[in-house]
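**Q** Sharing a structure here in structure tokens format.
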Number of protein chains: 2
Amino acid sequence: MLRMTEHANEKTMLTKNERLILESLSQAETPQSAYDLLDSVRDQGIRAPAQVYRALSGLMSKHLIHRIDSSNTYLCCQKPSHEHPNAICLAICDECQQVTELDGVRIGDQLEEYAKASGFESKLTSVELRGLCAKCH
Amino acid sequence: MLRMTEHANEKTMLTKNERLILESLSQAETPQSAYDLLDSVRDQGIRAPAQVYRALSGLMSKHLIHRIDSSNTYLCCQKPSHEHPNAICLAICDECQQVTELDGVRIGDQLEEYAKASGFESKLTSVELRGLCAKCH
DNA sequence: ACGAGGTGTGTTATGTTATAACAAATTTAT
DNA sequence: ATAAATTTGTTATAACATAACACACCTCGT
């Protein structure tokens with residue numbers, strides 16, 4: 001029942017469409033929208049938004065990509081795949097669009113601490129910093 | 001040139017549509033989508049999305065409301081209007097949808113600190129914690 | 001009073017992001 | 001072999017957001 005199509009370990013076990021999208025995303029210089037990705041994989045047989053969104057959804061579950069909520073875009077996870085922090089922290093340059101992933105464990109623990117003071121039990125937090133990266137400022 | 005329609009101080013100087021939307025939002029129990037708000041002010045003469053989005057945009061500039069990026073919804077700012085922290089921190093209950101606004105100054109300073117280590121100059125950061133509030137967990 | 005410039009409004013149309021629903025194909029389990 | 005589960009392809013539509021333009025209104029300088 002858990003056996004799958006791929007001859008690979010669980011972590012990198014991707015469907016064909018997931019592989020296509022991940023490949024495309026990893027070659028992009030900046031975060032991509034779902035429709036950007038659709039355009040870039042059209043010549044590989046993917047024709048409909050649903051196909052892209054399914055792949056994105058699968059890749060997110062596998063912690064291989066992140067979604068940037070403030071711009072409706074997606075990018076590859078930059079951290080080792082075995083880390084699944086309780087917070088995703090992205091520093092996004094408003095000038096060049098480069099993204100740096102900060103230490104989600106440390107920041108997540110800190111935020112959890114703060115939230116607990118209000119009796120809030122946090123499960124998954126997202127931090128998006130907007131500003132200028134080292135190169136651009 | 002700075003003189004305006006309203007007889008009120010700068011901070012609370014709102015247009016008619018901004019007042020309608022803010023009023024509607026302040027009576028809502030939970031964060032509302034733009035189209036939720038449109039429905040709730042239809043009987044007050046507002047008919048088109050653009051009118052709502054313009055009002056929301058104005059209210060955001062005046063720091064009277066926040067947008068929750070992870071759910072495309074809006075809510076009233078809970079903090080005193082004179083505080084304009086560099087980070088907006090919202091703890092959102094996945095069960096009851098209640099939102100608690102955490103200390104954006106303290107958290108923002110902390111995050112700025114972390115980001116600076118990567119040479120990143122942050123201007124505006126958004127933090128969204130998902131989990132369970134005190135009542136629900 | 002007049003008209004120029006600014007701001008707010010109403011309206012139509014359209015752009016962008018995302019999901020529902022279902023049938024066909026493929027893979028896996030028995 | 002065949003039943004069960006998963007992945008895929010496809011069409012249609014939902015949900016979120018903005019562009020563009022005309023008009024009303026106010027205020028400021030003349």
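Letters A, B, ... go to the chains of the structure tokens in the order shown; residues in each chain start at 1; ligands are counted from 1 in the same order.
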Compile the residues of chain A that lie within 9 Å of chain D, evaluated using only C-alpha atoms (C1' of nucleotides), and express the compilation as a list in words.

**A**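 Result, ordered by chain then number: Met1, Thr15, Lys16, Asn17, Ile46, Arg47, Ala48 and Gln51 of chain A.
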
**Q** Near chain B, which residues of chain C fall within 12 Å when you count only C-alpha atoms (C1' of nucleotides), and what do they look like as a CSV table (one decimal) with N, CA, C and O atoms (P, O5', C5', C4', C3', O3' and C1' of nucleotides), in the first residue's frame?

**A**
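What follows is the written file out_22.csv:
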```
chain,number,residue,atom,x,y,z
C,5,DG,P,-4.3,71.9,-14.4
C,5,DG,O5',-4.4,71.3,-13.0
C,5,DG,C5',-4.0,72.1,-11.8
C,5,DG,C4',-4.3,71.2,-10.6
C,5,DG,C3',-3.9,69.8,-10.7
C,5,DG,O3',-3.3,69.3,-9.5
C,5,DG,C1',-6.2,70.0,-10.1
C,6,DG,P,-2.7,67.9,-9.4
C,6,DG,O5',-3.5,67.3,-8.2
C,6,DG,C5',-3.6,68.0,-7.0
C,6,DG,C4',-4.8,67.4,-6.2
C,6,DG,C3',-4.7,65.9,-6.0
C,6,DG,O3',-4.7,65.6,-4.7
C,6,DG,C1',-6.9,66.6,-6.7
C,7,DT,P,-4.4,64.0,-4.2
C,7,DT,O5',-5.8,63.6,-3.8
C,7,DT,C5',-6.6,64.4,-3.0
C,7,DT,C4',-8.0,63.8,-2.9
C,7,DT,C3',-8.0,62.3,-2.8
C,7,DT,O3',-8.9,62.0,-1.7
C,7,DT,C1',-9.5,62.9,-4.5
C,8,DG,P,-9.0,60.6,-1.0
C,8,DG,O5',-10.5,60.2,-1.5
C,8,DG,C5',-11.6,61.0,-1.1
C,8,DG,C4',-12.8,60.5,-1.9
C,8,DG,C3',-13.1,59.0,-1.8
C,8,DG,O3',-14.4,58.9,-1.4
C,8,DG,C1',-13.2,59.9,-4.1
C,9,DT,P,-15.1,57.5,-1.3
C,9,DT,O5',-15.9,57.4,-2.6
C,9,DT,C5',-16.8,58.4,-3.0
C,9,DT,C4',-17.5,58.0,-4.3
C,9,DT,C3',-17.9,56.5,-4.3
C,9,DT,O3',-19.3,56.5,-4.4
C,9,DT,C1',-16.8,57.2,-6.3
C,10,DG,P,-20.1,55.1,-4.3
C,10,DG,O5',-20.3,54.8,-5.9
C,10,DG,C5',-20.9,55.8,-6.7
C,10,DG,C4',-20.9,55.3,-8.2
C,10,DG,C3',-21.4,53.8,-8.3
C,10,DG,O3',-22.4,53.8,-9.3
C,10,DG,C1',-19.3,54.1,-9.4
C,11,DT,P,-23.1,52.5,-9.6
C,11,DT,O5',-22.3,51.9,-10.8
C,11,DT,C5',-22.0,52.7,-11.9
C,11,DT,C4',-21.1,52.0,-13.0
C,11,DT,C3',-21.4,50.5,-13.0
C,11,DT,O3',-22.0,50.2,-14.3
C,11,DT,C1',-19.0,51.0,-13.1
C,12,DT,P,-22.4,48.7,-14.7
C,12,DT,O5',-21.2,48.3,-15.7
C,12,DT,C5',-20.8,49.2,-16.7
C,12,DT,C4',-19.5,48.6,-17.4
C,12,DT,C3',-19.6,47.1,-17.6
C,12,DT,O3',-19.4,46.9,-19.0
C,12,DT,C1',-17.6,47.6,-16.5
C,13,DA,P,-19.4,45.4,-19.6
C,13,DA,O5',-17.8,45.0,-19.7
C,13,DA,C5',-16.9,46.1,-20.0
C,13,DA,C4',-15.5,45.6,-19.7
C,13,DA,C3',-15.3,44.1,-20.1
C,13,DA,O3',-14.2,44.1,-21.0
C,13,DA,C1',-14.5,44.6,-17.9
C,17,DT,P,-1.0,35.4,-10.3
C,17,DT,O5',-2.0,34.5,-9.5
C,17,DT,C5',-2.5,35.0,-8.3
C,17,DT,C4',-3.4,34.0,-7.7
C,17,DT,C3',-2.9,32.6,-7.5
C,17,DT,O3',-3.0,32.2,-6.2
C,17,DT,C1',-5.0,32.5,-8.5
```

**Q** Write down, as a PyMOL selection string, each residue of chain B that has any atom within 6 Å of an atom of chain A, counting only C-alpha atoms.

**A** chain B and resi 69-70+119-134
